[in-house]
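**Student:** See entry20.cif below, with mmCIF, C-alpha atoms (C1' of nucleotides).
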```cif
data_upload
#
loop_
_atom_site.label_atom_id
_atom_site.label_comp_id
_atom_site.auth_asym_id
_atom_site.auth_seq_id
_atom_site.Cartn_x
_atom_site.Cartn_y
_atom_site.Cartn_z
CA MET A 192 -42.54 32.81 -5.06
CA ALA A 193 -40.19 30.25 -3.60
CA ASN A 194 -38.58 28.47 -6.52
CA ASN A 195 -39.20 24.84 -5.73
CA LEU A 196 -36.09 23.37 -7.29
CA ALA A 197 -37.06 19.98 -5.97
CA GLU A 198 -39.82 19.66 -8.53
CA LEU A 199 -37.95 20.67 -11.68
CA ASN A 200 -36.05 17.44 -12.28
CA LEU A 201 -37.35 15.16 -9.55
CA PRO A 202 -37.81 12.49 -8.57
CA PHE A 203 -34.40 11.03 -9.20
CA ALA A 204 -34.41 7.65 -10.86
CA ASP A 205 -32.45 4.74 -9.42
CA ALA A 206 -29.85 5.23 -12.17
CA ASP A 207 -29.25 8.83 -11.03
CA TYR A 208 -28.46 7.72 -7.49
CA VAL A 209 -26.15 5.04 -8.91
CA ALA A 210 -24.33 7.65 -11.02
CA LEU A 211 -24.00 10.02 -8.08
CA ALA A 212 -22.76 7.23 -5.80
CA HIS A 213 -20.28 6.17 -8.47
CA PHE A 214 -18.90 9.69 -8.82
CA ARG A 215 -18.55 10.04 -5.05
CA ARG A 216 -16.76 6.70 -4.96
CA SER A 217 -14.24 7.92 -7.54
CA LEU A 218 -13.62 11.00 -5.44
CA ARG A 219 -13.39 8.84 -2.33
CA LEU A 220 -10.80 6.55 -3.92
CA PHE A 221 -8.57 9.52 -4.69
CA LEU A 222 -9.05 10.98 -1.23
CA SER A 223 -8.37 7.57 0.35
CA PHE A 224 -5.12 7.31 -1.56
CA SER A 225 -4.22 10.81 -0.43
CA GLU A 226 -5.07 10.15 3.21
CA ASP A 227 -3.04 6.93 3.25
CA ALA A 228 -0.08 8.64 1.60
CA ALA A 229 -0.17 11.44 4.17
CA ARG A 230 -0.44 9.05 7.12
CA THR A 231 2.41 6.91 5.76
CA SER A 232 4.53 10.08 5.83
CA GLY A 233 3.51 10.71 9.45
CA LEU A 234 1.07 13.51 8.57
CA THR A 235 -2.67 13.69 9.02
CA PRO A 236 -4.60 14.43 5.80
CA LYS A 237 -5.40 17.98 6.88
CA GLN A 238 -1.81 18.64 7.88
CA HIS A 239 -0.79 17.62 4.35
CA GLN A 240 -3.34 19.99 2.79
CA ALA A 241 -2.20 22.83 5.04
CA ILE A 242 1.44 22.30 4.10
CA LEU A 243 0.58 22.23 0.39
CA ALA A 244 -1.37 25.47 0.76
CA ILE A 245 1.47 27.17 2.63
CA ARG A 246 3.95 26.05 -0.05
CA GLY A 247 1.69 27.01 -2.95
CA LEU A 248 0.38 30.35 -1.67
CA SER A 249 3.22 31.89 0.36
CA ASP A 250 5.08 34.95 -0.69
CA GLU A 251 8.54 35.64 0.75
CA THR A 252 7.01 36.52 4.15
CA GLY A 253 4.99 33.29 4.47
CA LEU A 254 1.20 32.87 4.64
CA SER A 255 -1.13 34.40 7.21
CA VAL A 256 -3.42 32.26 9.36
CA GLY A 257 -6.48 33.90 7.83
CA ASP A 258 -5.36 33.29 4.24
CA LEU A 259 -4.77 29.64 5.09
CA ALA A 260 -8.24 29.38 6.61
CA ARG A 261 -9.83 30.92 3.51
CA HIS A 262 -7.93 28.58 1.19
CA LEU A 263 -8.96 25.51 3.19
CA THR A 264 -12.51 26.89 3.64
CA ILE A 265 -12.38 26.45 7.42
CA GLN A 266 -12.89 28.99 10.21
CA PRO A 267 -9.82 30.98 11.32
CA HIS A 268 -9.86 29.34 14.74
CA SER A 269 -9.87 25.90 13.11
CA ALA A 270 -6.76 26.92 11.17
CA VAL A 271 -5.15 28.01 14.44
CA GLU A 272 -5.71 24.56 15.92
CA LEU A 273 -4.33 22.83 12.81
CA LEU A 274 -1.26 25.08 12.98
CA ASN A 275 -0.81 24.36 16.69
CA ARG A 276 -0.49 20.66 15.92
CA LEU A 277 1.83 21.35 12.94
CA GLU A 278 4.03 23.54 15.14
CA ASP A 279 4.12 20.85 17.86
CA SER A 280 5.31 18.39 15.19
CA GLY A 281 8.05 20.74 13.97
CA LEU A 282 6.53 21.26 10.53
CA ILE A 283 5.85 25.00 10.54
CA ASN A 284 7.16 28.16 12.16
CA ARG A 285 5.14 31.19 13.23
CA ALA A 286 6.31 34.79 13.12
CA ILE A 287 4.56 38.03 13.99
CA GLY A 288 3.77 39.97 10.82
CA ALA A 289 6.21 42.80 10.11
CA ALA A 290 3.66 45.11 8.44
CA ASP A 291 0.62 44.25 10.57
CA ARG A 292 1.49 42.87 13.97
CA ARG A 293 -1.97 41.31 14.34
CA CYS A 294 -1.06 38.82 11.60
CA VAL A 295 0.91 35.66 12.25
CA MET A 296 2.92 34.57 9.22
CA VAL A 297 3.50 30.85 8.79
CA THR A 298 6.44 29.19 7.01
CA LEU A 299 7.44 25.55 6.41
CA THR A 300 10.37 23.85 8.08
CA ALA A 301 12.87 21.96 5.91
CA ARG A 302 11.34 18.69 7.06
CA ALA A 303 7.86 19.75 5.93
CA GLU A 304 9.27 20.77 2.57
CA ARG A 305 10.90 17.36 2.11
CA LEU A 306 7.71 15.49 3.04
CA LEU A 307 5.63 17.67 0.72
CA GLN A 308 7.95 17.10 -2.23
CA LYS A 309 7.65 13.33 -1.89
CA LEU A 310 3.88 13.45 -1.36
CA SER A 311 3.34 15.84 -4.27
CA HIS A 312 5.14 13.54 -6.66
CA MET A 313 3.12 10.53 -5.51
CA HIS A 314 -0.10 12.50 -5.97
CA VAL A 315 0.64 13.55 -9.53
CA VAL A 316 1.47 9.95 -10.45
CA GLU A 317 -1.74 8.69 -8.84
CA LEU A 318 -3.88 11.44 -10.35
CA ARG A 319 -2.61 10.56 -13.80
CA ARG A 320 -3.83 7.03 -13.09
CA GLN A 321 -7.21 7.97 -11.61
CA ALA A 322 -8.16 11.03 -13.67
CA PRO A 323 -9.89 9.16 -16.54
CA GLU A 324 -12.18 7.28 -14.16
CA LEU A 325 -12.95 10.43 -12.17
CA VAL A 326 -13.72 12.60 -15.20
CA GLY A 327 -15.71 9.76 -16.76
CA ALA A 328 -17.89 9.37 -13.68
CA LEU A 329 -18.51 13.11 -13.65
CA ARG A 330 -19.49 13.19 -17.33
CA GLN A 331 -21.75 10.19 -16.85
CA LEU A 332 -23.52 11.98 -14.03
CA LEU A 333 -23.96 15.29 -15.83
CA GLU A 334 -24.85 14.17 -19.34
CA LYS A 335 -28.42 13.28 -18.40
CA GLY A 336 -30.89 16.12 -18.18
CA GLU A 337 -28.50 18.61 -19.71
CA PRO A 338 -30.33 21.97 -19.76
CA ARG A 339 -31.40 22.82 -23.32
CA MET B 62 16.37 -2.34 -7.27
CA ALA B 63 14.05 0.04 -5.47
CA ASN B 64 12.59 2.34 -8.10
CA ASN B 65 13.28 5.76 -6.69
CA LEU B 66 10.24 7.55 -8.05
CA ALA B 67 11.25 10.66 -6.17
CA GLU B 68 14.11 11.33 -8.56
CA LEU B 69 12.33 10.89 -11.87
CA ASN B 70 10.52 14.22 -11.99
CA LEU B 71 11.81 16.03 -8.93
CA PRO B 72 12.28 18.60 -7.62
CA PHE B 73 8.89 20.17 -8.13
CA ALA B 74 8.91 23.72 -9.36
CA ASP B 75 6.93 26.46 -7.61
CA ALA B 76 4.39 26.32 -10.45
CA ASP B 77 3.76 22.63 -9.79
CA TYR B 78 2.88 23.29 -6.16
CA VAL B 79 0.61 26.12 -7.28
CA ALA B 80 -1.16 23.81 -9.74
CA LEU B 81 -1.55 21.08 -7.13
CA ALA B 82 -2.85 23.57 -4.54
CA HIS B 83 -5.27 24.97 -7.11
CA PHE B 84 -6.64 21.51 -7.94
CA ARG B 85 -7.06 20.69 -4.25
CA ARG B 86 -8.86 23.99 -3.76
CA SER B 87 -11.32 23.11 -6.54
CA LEU B 88 -11.99 19.78 -4.86
CA ARG B 89 -12.28 21.53 -1.49
CA LEU B 90 -14.85 24.01 -2.84
CA PHE B 91 -17.06 21.17 -4.03
CA LEU B 92 -16.66 19.27 -0.77
CA SER B 93 -17.37 22.45 1.21
CA PHE B 94 -20.58 22.96 -0.72
CA SER B 95 -21.50 19.36 -0.07
CA GLU B 96 -20.74 19.55 3.65
CA ASP B 97 -22.76 22.74 4.05
CA ALA B 98 -25.69 21.26 2.13
CA ALA B 99 -25.66 18.17 4.32
CA ARG B 100 -25.46 20.16 7.56
CA THR B 101 -28.26 22.46 6.43
CA SER B 102 -30.38 19.31 6.04
CA GLY B 103 -29.45 18.22 9.56
CA LEU B 104 -26.98 15.56 8.41
CA THR B 105 -23.25 15.31 8.91
CA PRO B 106 -21.25 14.97 5.68
CA LYS B 107 -20.47 11.31 6.30
CA GLN B 108 -24.08 10.55 7.13
CA HIS B 109 -25.02 12.01 3.74
CA GLN B 110 -22.44 9.85 1.94
CA ALA B 111 -23.62 6.76 3.79
CA ILE B 112 -27.25 7.39 2.84
CA LEU B 113 -26.31 7.94 -0.82
CA ALA B 114 -24.35 4.68 -0.83
CA ILE B 115 -27.23 2.76 0.76
CA ARG B 116 -29.65 4.21 -1.81
CA GLY B 117 -27.32 3.62 -4.74
CA LEU B 118 -26.04 0.14 -3.88
CA SER B 119 -28.93 -1.62 -2.13
CA ASP B 120 -30.78 -4.53 -3.62
CA GLU B 121 -34.28 -5.37 -2.34
CA THR B 122 -32.82 -6.69 0.96
CA GLY B 123 -30.80 -3.53 1.73
CA LEU B 124 -27.02 -3.14 2.03
CA SER B 125 -24.74 -5.00 4.44
CA VAL B 126 -22.51 -3.15 6.90
CA GLY B 127 -19.42 -4.62 5.26
CA ASP B 128 -20.44 -3.54 1.75
CA LEU B 129 -21.06 -0.02 3.02
CA ALA B 130 -17.62 0.03 4.66
CA ARG B 131 -15.96 -1.12 1.42
CA HIS B 132 -17.79 1.51 -0.63
CA LEU B 133 -16.80 4.30 1.75
CA THR B 134 -13.27 2.87 2.12
CA ILE B 135 -13.50 2.82 5.91
CA GLN B 136 -13.06 -0.03 8.39
CA PRO B 137 -16.15 -2.15 9.17
CA HIS B 138 -16.20 -0.95 12.77
CA SER B 139 -16.14 2.68 11.59
CA ALA B 140 -19.20 1.91 9.45
CA VAL B 141 -20.89 0.42 12.51
CA GLU B 142 -20.38 3.66 14.44
CA LEU B 143 -21.66 5.77 11.53
CA LEU B 144 -24.73 3.53 11.33
CA ASN B 145 -25.28 3.77 15.09
CA ARG B 146 -25.58 7.55 14.79
CA LEU B 147 -27.82 7.23 11.71
CA GLU B 148 -30.07 4.80 13.56
CA ASP B 149 -30.23 7.11 16.60
CA SER B 150 -31.37 9.89 14.24
CA GLY B 151 -34.08 7.71 12.68
CA LEU B 152 -32.48 7.64 9.22
CA ILE B 153 -31.79 3.93 8.77
CA ASN B 154 -33.15 0.59 9.93
CA ARG B 155 -31.16 -2.53 10.67
CA ALA B 156 -32.34 -6.08 10.08
CA ILE B 157 -30.60 -9.41 10.59
CA GLY B 158 -29.75 -10.95 7.21
CA ALA B 159 -32.18 -13.67 6.08
CA ALA B 160 -29.61 -15.75 4.22
CA ASP B 161 -26.63 -15.17 6.51
CA ARG B 162 -27.59 -14.19 10.02
CA ARG B 163 -24.14 -12.71 10.68
CA CYS B 164 -24.94 -9.91 8.24
CA VAL B 165 -26.92 -6.85 9.23
CA MET B 166 -28.86 -5.39 6.31
CA VAL B 167 -29.42 -1.65 6.33
CA THR B 168 -32.31 0.22 4.71
CA LEU B 169 -33.30 3.90 4.54
CA THR B 170 -36.26 5.38 6.36
CA ALA B 171 -38.72 7.54 4.41
CA ARG B 172 -37.23 10.63 6.00
CA ALA B 173 -33.71 9.71 4.82
CA GLU B 174 -35.06 9.12 1.32
CA ARG B 175 -36.67 12.57 1.27
CA LEU B 176 -33.50 14.30 2.51
CA LEU B 177 -31.37 12.42 -0.02
CA GLN B 178 -33.62 13.39 -2.92
CA LYS B 179 -33.33 17.07 -2.10
CA LEU B 180 -29.57 16.87 -1.50
CA SER B 181 -28.97 14.89 -4.70
CA HIS B 182 -30.71 17.48 -6.80
CA MET B 183 -28.71 20.30 -5.23
CA HIS B 184 -25.49 18.39 -5.86
CA VAL B 185 -26.15 17.81 -9.55
CA VAL B 186 -26.96 21.49 -10.01
CA GLU B 187 -23.79 22.53 -8.19
CA LEU B 188 -21.61 20.00 -9.99
CA ARG B 189 -22.81 21.32 -13.32
CA ARG B 190 -21.60 24.72 -12.15
CA GLN B 191 -18.25 23.59 -10.72
CA ALA B 192 -17.25 20.82 -13.15
CA PRO B 193 -15.46 23.04 -15.73
CA GLU B 194 -13.23 24.59 -13.07
CA LEU B 195 -12.50 21.21 -11.50
CA VAL B 196 -11.67 19.44 -14.76
CA GLY B 197 -9.64 22.47 -15.89
CA ALA B 198 -7.53 22.46 -12.73
CA LEU B 199 -6.91 18.74 -13.16
CA ARG B 200 -5.84 19.12 -16.80
CA GLN B 201 -3.59 22.05 -15.90
CA LEU B 202 -1.88 19.90 -13.29
CA LEU B 203 -1.40 16.84 -15.48
CA GLU B 204 -0.47 18.37 -18.80
CA LYS B 205 3.11 19.15 -17.69
CA GLY B 206 5.58 16.28 -17.77
CA GLU B 207 3.21 14.03 -19.69
CA PRO B 208 5.00 10.70 -20.14
CA ARG B 209 6.16 10.31 -23.77
"C1'" DG C 244 -17.47 -31.31 16.77
"C1'" DA C 245 -13.11 -28.55 17.32
"C1'" DT C 246 -11.11 -24.78 14.82
"C1'" DA C 247 -10.81 -21.10 11.52
"C1'" DT C 248 -13.00 -17.46 9.23
"C1'" DT C 249 -16.28 -13.80 8.55
"C1'" DA C 250 -19.44 -10.10 10.16
"C1'" DT C 251 -20.74 -6.97 13.36
"C1'" DA C 252 -20.04 -4.50 17.62
"C1'" DT C 253 -17.64 -2.01 21.74
"C1'" DC C 254 -14.00 0.76 23.93
"C1'" DG C 255 -10.44 4.17 24.31
"C1'" DC C 256 -7.98 7.50 21.69
"C1'" DA C 257 -6.51 11.42 18.54
"C1'" DG C 258 -7.65 14.66 14.87
"C1'" DT C 259 -10.95 17.87 12.98
"C1'" DA C 260 -14.00 21.69 13.02
"C1'" DC C 261 -17.54 24.05 15.04
"C1'" DG C 262 -19.84 27.89 18.31
"C1'" DA C 263 -18.94 30.91 21.93
"C1'" DT C 264 -15.75 33.68 23.76
"C1'" DA C 265 -11.34 36.31 24.69
"C1'" DT C 266 -7.31 39.30 23.70
"C1'" DA C 267 -4.39 42.22 20.96
"C1'" DA C 268 -3.52 45.33 17.12
"C1'" DT C 269 -5.25 48.46 13.81
"C1'" DA C 270 -8.72 51.56 11.75
"C1'" DT C 271 -12.43 54.93 12.12
"C1'" DG C 272 -15.14 58.82 13.67
"C1'" DA C 273 -16.61 62.47 16.82
"C1'" DT D 171 -7.19 62.39 20.97
"C1'" DC D 172 -9.70 59.04 22.55
"C1'" DA D 173 -13.71 56.00 22.50
"C1'" DT D 174 -15.47 52.55 19.44
"C1'" DA D 175 -15.52 49.30 15.72
"C1'" DT D 176 -13.13 46.03 13.08
"C1'" DT D 177 -9.75 42.54 12.10
"C1'" DA D 178 -6.60 38.70 13.37
"C1'" DT D 179 -5.38 35.20 16.21
"C1'" DA D 180 -6.16 32.23 20.14
"C1'" DT D 181 -8.68 29.27 23.84
"C1'" DC D 182 -12.36 26.28 25.62
"C1'" DG D 183 -15.90 22.91 25.48
"C1'" DT D 184 -18.39 19.76 22.35
"C1'" DA D 185 -19.69 16.44 18.59
"C1'" DC D 186 -18.35 13.63 14.68
"C1'" DT D 187 -15.03 10.70 12.49
"C1'" DG D 188 -12.03 6.77 12.08
"C1'" DC D 189 -8.44 4.19 13.82
"C1'" DG D 190 -6.30 -0.02 16.74
"C1'" DA D 191 -7.35 -3.45 19.95
"C1'" DT D 192 -10.57 -6.45 21.30
"C1'" DA D 193 -15.05 -9.10 21.82
"C1'" DT D 194 -19.07 -11.90 20.36
"C1'" DA D 195 -21.94 -14.44 17.20
"C1'" DA D 196 -22.72 -17.04 12.99
"C1'" DT D 197 -20.94 -19.75 9.34
"C1'" DA D 198 -17.45 -22.64 7.03
"C1'" DT D 199 -13.90 -26.17 7.08
"C1'" DC D 200 -11.50 -30.26 8.35
#
```
Turn this file's structure into structure tokens for me.
**Tutor:**
Amino acid sequence: MANNLAELNLPFADADYVALAHFRRSLRLFLSFSEDAARTSGLTPKQHQAILAIRGLSDETGLSVGDLARHLTIQPHSAVELLNRLEDSGLINRAIGAADRRCVMVTLTARAERLLQKLSHMHVVELRRQAPELVGALRQLLEKGEPR
Amino acid sequence: MANNLAELNLPFADADYVALAHFRRSLRLFLSFSEDAARTSGLTPKQHQAILAIRGLSDETGLSVGDLARHLTIQPHSAVELLNRLEDSGLINRAIGAADRRCVMVTLTARAERLLQKLSHMHVVELRRQAPELVGALRQLLEKGEPR
DNA sequence: GATATTATATCGCAGTACGATATAATATGA
DNA sequence: TCATATTATATCGTACTGCGATATAATATC
């Protein structure tokens, strides 16, 4: 009854682990670049991702804490803690929701907007550079054992 | 003299932030899957990445602490701490290097090998599912403002 | 054989995210 | 209407991560 997935394609060969490690390294190199870029701007990596999400997903009233949590795939109370640190650093503002007063709507400060603009440009430039390697590593990994 | 990159393509339009946020969400969804899979196997996400690297990069003597750190793009002393927790959990063994006794060579225990095999299979299956979305989001982001 | 370099390790710290729990606002049902 | 359930945000304690600063041991260099 239990579908033992482990026996369909296994065991992995050495080359499969190499391909998987290589793909994860490509991902890691992009994420490392991103983390360094954020830190150089005085942000932690997660603060950068939160600011990007707020900028990309807000409507005119801002973004709710819960919507941010869902976008970042973290628990609501983890988003609260991230926002506490962002507020302490003067990067976001909170406001009680006009329609539903349970909701807290978050908006970016001008300083956050400036930092995000610079970081976003750097990321697009770097992604243009790294994308071929990343997509290549992914193809390499998936082309073996393609389902018929 | 300083090449002011910030003024070549800026300011970003709303749509550019949306595209960047969408690409990061695709990445995040894969990483979330990976983190959950690791935790369900009783590993932390970084422990899983370390084990994959050891499996993928070792020669017959194992992998040195420094090589692991370089692969994961973390500092050597951060790799040491990660390996301490892995050793405490019975997932790796350390041995003094035969050629250079400064080096500590790391190998996987049988239990780590079993966990990695299961996780690796799950990851290939999931990547096959998520790859189109991920590559699509990346193309969407990069196709605007392509350098002539 | 003194000194520099390389490799690993330890300590204190901050950020992250979790589980458990709490509080406030809104929705639902008798 | 009013008790109860649900939703949204927040707080507390804990573990993992990775950094800077620093230490120790082994090897290389002069």
**Student:** Where does chain D meet range 265-270 of chain C within 10 Å, residue by residue, with the nearest atom pair and distance in Å to one decimal for each, counting only C-alpha atoms (C1' of nucleotides), listed by chain and rising number, as a tab-separated table?
**Tutor:**
```
residue	atom	partner	partner_atom	distance
D:DA175	C1'	C:DA270	C1'	8.2
D:DT176	C1'	C:DA270	C1'	7.2
D:DT177	C1'	C:DT269	C1'	7.6
D:DA178	C1'	C:DA268	C1'	8.2
D:DT179	C1'	C:DA267	C1'	8.5
D:DA180	C1'	C:DT266	C1'	8.0
D:DT181	C1'	C:DA265	C1'	7.6
```
**Student:** As an NGL selection string, please: the residues near Thr298 in chain A (cut-off 12 Å, only C-alpha atoms (C1' of nucleotides), same-chain neighbours under 6 positions excluded).
**Tutor:** :A and (241-256 or 259 or 274 or 277-278 or 281-288 or 304)
**Student:** Please write out chain A, superposed on chain B by least squares over all C-alpha atoms matched in order, as a compact mmCIF listing (two decimals) with C-alpha atoms, in the coordinates of the input.
**Tutor:**
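part.txt was written with the following content:
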```
# COMPACT_ATOMS: atom_id res chain seq x y z
CA MET A 192 16.85 -2.07 -6.79
CA ALA A 193 14.48 0.30 -5.05
CA ASN A 194 12.93 2.45 -7.74
CA ASN A 195 13.55 5.94 -6.48
CA LEU A 196 10.47 7.62 -7.89
CA ALA A 197 11.43 10.80 -6.13
CA GLU A 198 14.24 11.44 -8.58
CA LEU A 199 12.42 10.85 -11.86
CA ASN A 200 10.54 14.14 -12.08
CA LEU A 201 11.80 16.04 -9.05
CA PRO A 202 12.25 18.56 -7.73
CA PHE A 203 8.86 20.11 -8.22
CA ALA A 204 8.91 23.68 -9.43
CA ASP A 205 6.93 26.39 -7.67
CA ALA A 206 4.38 26.27 -10.50
CA ASP A 207 3.75 22.56 -9.85
CA TYR A 208 2.89 23.21 -6.21
CA VAL A 209 0.62 26.06 -7.31
CA ALA A 210 -1.17 23.75 -9.78
CA LEU A 211 -1.56 21.03 -7.18
CA ALA A 212 -2.83 23.50 -4.58
CA HIS A 213 -5.26 24.91 -7.13
CA PHE A 214 -6.64 21.48 -7.96
CA ARG A 215 -7.07 20.64 -4.27
CA ARG A 216 -8.85 23.95 -3.79
CA SER A 217 -11.32 23.09 -6.55
CA LEU A 218 -11.99 19.77 -4.88
CA ARG A 219 -12.27 21.51 -1.52
CA LEU A 220 -14.83 24.00 -2.85
CA PHE A 221 -17.05 21.17 -4.03
CA LEU A 222 -16.64 19.27 -0.78
CA SER A 223 -17.34 22.45 1.21
CA PHE A 224 -20.55 22.98 -0.71
CA SER A 225 -21.48 19.36 -0.06
CA GLU A 226 -20.70 19.54 3.65
CA ASP A 227 -22.72 22.74 4.07
CA ALA A 228 -25.66 21.28 2.16
CA ALA A 229 -25.62 18.17 4.35
CA ARG A 230 -25.40 20.15 7.59
CA THR A 231 -28.22 22.47 6.46
CA SER A 232 -30.35 19.33 6.08
CA GLY A 233 -29.40 18.23 9.61
CA LEU A 234 -26.95 15.55 8.42
CA THR A 235 -23.22 15.30 8.91
CA PRO A 236 -21.23 14.97 5.66
CA LYS A 237 -20.47 11.30 6.28
CA GLN A 238 -24.08 10.54 7.12
CA HIS A 239 -25.03 12.01 3.74
CA GLN A 240 -22.45 9.85 1.93
CA ALA A 241 -23.65 6.75 3.77
CA ILE A 242 -27.27 7.42 2.84
CA LEU A 243 -26.34 7.96 -0.81
CA ALA A 244 -24.40 4.69 -0.83
CA ILE A 245 -27.28 2.78 0.76
CA ARG A 246 -29.71 4.25 -1.80
CA GLY A 247 -27.40 3.66 -4.76
CA LEU A 248 -26.12 0.17 -3.90
CA SER A 249 -29.00 -1.60 -2.14
CA ASP A 250 -30.85 -4.49 -3.61
CA GLU A 251 -34.34 -5.34 -2.33
CA THR A 252 -32.88 -6.66 0.95
CA GLY A 253 -30.86 -3.51 1.72
CA LEU A 254 -27.07 -3.14 2.02
CA SER A 255 -24.79 -5.00 4.41
CA VAL A 256 -22.54 -3.17 6.86
CA GLY A 257 -19.45 -4.61 5.19
CA ASP A 258 -20.50 -3.54 1.69
CA LEU A 259 -21.10 -0.02 2.99
CA ALA A 260 -17.66 0.02 4.60
CA ARG A 261 -16.01 -1.12 1.35
CA HIS A 262 -17.86 1.51 -0.68
CA LEU A 263 -16.86 4.29 1.72
CA THR A 264 -13.32 2.85 2.05
CA ILE A 265 -13.52 2.80 5.85
CA GLN A 266 -13.08 -0.09 8.30
CA PRO A 267 -16.17 -2.19 9.09
CA HIS A 268 -16.19 -1.00 12.69
CA SER A 269 -16.14 2.62 11.52
CA ALA A 270 -19.22 1.88 9.41
CA VAL A 271 -20.89 0.38 12.48
CA GLU A 272 -20.35 3.61 14.40
CA LEU A 273 -21.66 5.73 11.52
CA LEU A 274 -24.74 3.50 11.34
CA ASN A 275 -25.26 3.73 15.10
CA ARG A 276 -25.56 7.50 14.81
CA LEU A 277 -27.82 7.22 11.72
CA GLU A 278 -30.07 4.77 13.58
CA ASP A 279 -30.20 7.09 16.62
CA SER A 280 -31.33 9.88 14.27
CA GLY A 281 -34.06 7.72 12.71
CA LEU A 282 -32.47 7.64 9.26
CA ILE A 283 -31.81 3.93 8.80
CA ASN A 284 -33.16 0.60 9.97
CA ARG A 285 -31.17 -2.56 10.68
CA ALA A 286 -32.35 -6.11 10.08
CA ILE A 287 -30.62 -9.44 10.56
CA GLY A 288 -29.78 -10.96 7.18
CA ALA A 289 -32.21 -13.66 6.06
CA ALA A 290 -29.64 -15.75 4.16
CA ASP A 291 -26.64 -15.19 6.44
CA ARG A 292 -27.57 -14.26 9.97
CA ARG A 293 -24.11 -12.78 10.60
CA CYS A 294 -24.96 -9.95 8.19
CA VAL A 295 -26.93 -6.89 9.21
CA MET A 296 -28.88 -5.40 6.31
CA VAL A 297 -29.44 -1.66 6.35
CA THR A 298 -32.34 0.24 4.75
CA LEU A 299 -33.32 3.93 4.60
CA THR A 300 -36.27 5.41 6.42
CA ALA A 301 -38.73 7.58 4.47
CA ARG A 302 -37.21 10.67 6.06
CA ALA A 303 -33.71 9.74 4.87
CA GLU A 304 -35.06 9.17 1.38
CA ARG A 305 -36.67 12.62 1.33
CA LEU A 306 -33.49 14.34 2.56
CA LEU A 307 -31.38 12.47 0.01
CA GLN A 308 -33.64 13.43 -2.88
CA LYS A 309 -33.33 17.12 -2.05
CA LEU A 310 -29.57 16.91 -1.47
CA SER A 311 -28.99 14.91 -4.65
CA HIS A 312 -30.73 17.51 -6.76
CA MET A 313 -28.73 20.34 -5.19
CA HIS A 314 -25.50 18.43 -5.85
CA VAL A 315 -26.18 17.85 -9.52
CA VAL A 316 -26.98 21.54 -9.99
CA GLU A 317 -23.80 22.57 -8.17
CA LEU A 318 -21.64 20.02 -9.98
CA ARG A 319 -22.84 21.35 -13.31
CA ARG A 320 -21.62 24.75 -12.13
CA GLN A 321 -18.27 23.61 -10.72
CA ALA A 322 -17.29 20.83 -13.14
CA PRO A 323 -15.50 23.05 -15.71
CA GLU A 324 -13.25 24.59 -13.07
CA LEU A 325 -12.53 21.21 -11.49
CA VAL A 326 -11.71 19.44 -14.76
CA GLY A 327 -9.68 22.45 -15.90
CA ALA A 328 -7.56 22.43 -12.76
CA LEU A 329 -6.95 18.71 -13.20
CA ARG A 330 -5.90 19.10 -16.84
CA GLN A 331 -3.64 22.00 -15.93
CA LEU A 332 -1.93 19.85 -13.34
CA LEU A 333 -1.47 16.80 -15.54
CA GLU A 334 -0.51 18.36 -18.86
CA LYS A 335 3.04 19.10 -17.75
CA GLY A 336 5.50 16.24 -17.85
CA GLU A 337 3.13 13.99 -19.73
CA PRO A 338 4.95 10.65 -20.18
CA ARG A 339 6.09 10.26 -23.80
```
**Student:** Could you list, as an mmCIF file with C-alpha atoms (C1' of nucleotides), keeping the file's coordinate frame, every residue matched by the PyMOL selection byres ((chain D and resi 172) around 12) in this structure?
**Tutor:**
```cif
data_model
loop_
_atom_site.group_PDB
_atom_site.id
_atom_site.type_symbol
_atom_site.label_atom_id
_atom_site.label_comp_id
_atom_site.auth_asym_id
_atom_site.auth_seq_id
_atom_site.Cartn_x
_atom_site.Cartn_y
_atom_site.Cartn_z
ATOM 1 C "C1'" DT C 271 -12.430 54.930 12.120
ATOM 2 C "C1'" DG C 272 -15.140 58.820 13.670
ATOM 3 C "C1'" DA C 273 -16.610 62.470 16.820
ATOM 4 C "C1'" DT D 171 -7.190 62.390 20.970
ATOM 5 C "C1'" DA D 173 -13.710 56.000 22.500
ATOM 6 C "C1'" DT D 174 -15.470 52.550 19.440
#
```
**Student:** Using the chain letters and numbers from the file, which residues does the PyMOL selection byres ((chain B) within 9 of (chain C)) grab, as an MDAnalysis selection string?
**Tutor:** chainID B and resid 126:127 137:138 141:142 163:165
**Student:** Rounded to one decimal, what separation in Å do you get between CA of Glu324 in chain A and CA of Ser225 in chain A?
**Tutor:** 16.3 Å
**Student:** The PyMOL selection byres ((chain B) within 8 of (chain D)) - which residues does that actually catch in the file I just gave you? List them as a list in words.
**Tutor:**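 Going through the file, the PyMOL selection byres ((chain B) within 8 of (chain D)) ends up selecting Thr105, Ile135, Gln136, Ser139, Asp161, Arg162 and Arg163 of chain B.
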**Student:** Can you measure CA of Asp97 in chain B to CA of Arg189 in chain B for me? One decimal in Å is fine.
**Tutor:**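 Computed distance, CA of Asp97 in chain B to CA of Arg189 in chain B, equals 17.4 Å.
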**Student:** List the spatial neighbours of Ala98 in chain B as a short mmCIF file (atom, residue, chain, number, x, y, z; two decimals) with C-alpha atoms, in the coordinates of the input - criterion: any atom at most 10 Å away, only C-alpha atoms (C1' of nucleotides), same-chain residues fewer than 5 positions off excluded.
**Tutor:**
```cif
data_model
loop_
_atom_site.label_atom_id
_atom_site.label_comp_id
_atom_site.auth_asym_id
_atom_site.auth_seq_id
_atom_site.Cartn_x
_atom_site.Cartn_y
_atom_site.Cartn_z
CA LEU B 92 -16.66 19.27 -0.77
CA SER B 93 -17.37 22.45 1.21
CA GLY B 103 -29.45 18.22 9.56
CA LEU B 104 -26.98 15.56 8.41
CA THR B 105 -23.25 15.31 8.91
CA PRO B 106 -21.25 14.97 5.68
CA HIS B 109 -25.02 12.01 3.74
CA LYS B 179 -33.33 17.07 -2.10
CA LEU B 180 -29.57 16.87 -1.50
CA SER B 181 -28.97 14.89 -4.70
CA MET B 183 -28.71 20.30 -5.23
CA HIS B 184 -25.49 18.39 -5.86
#
```
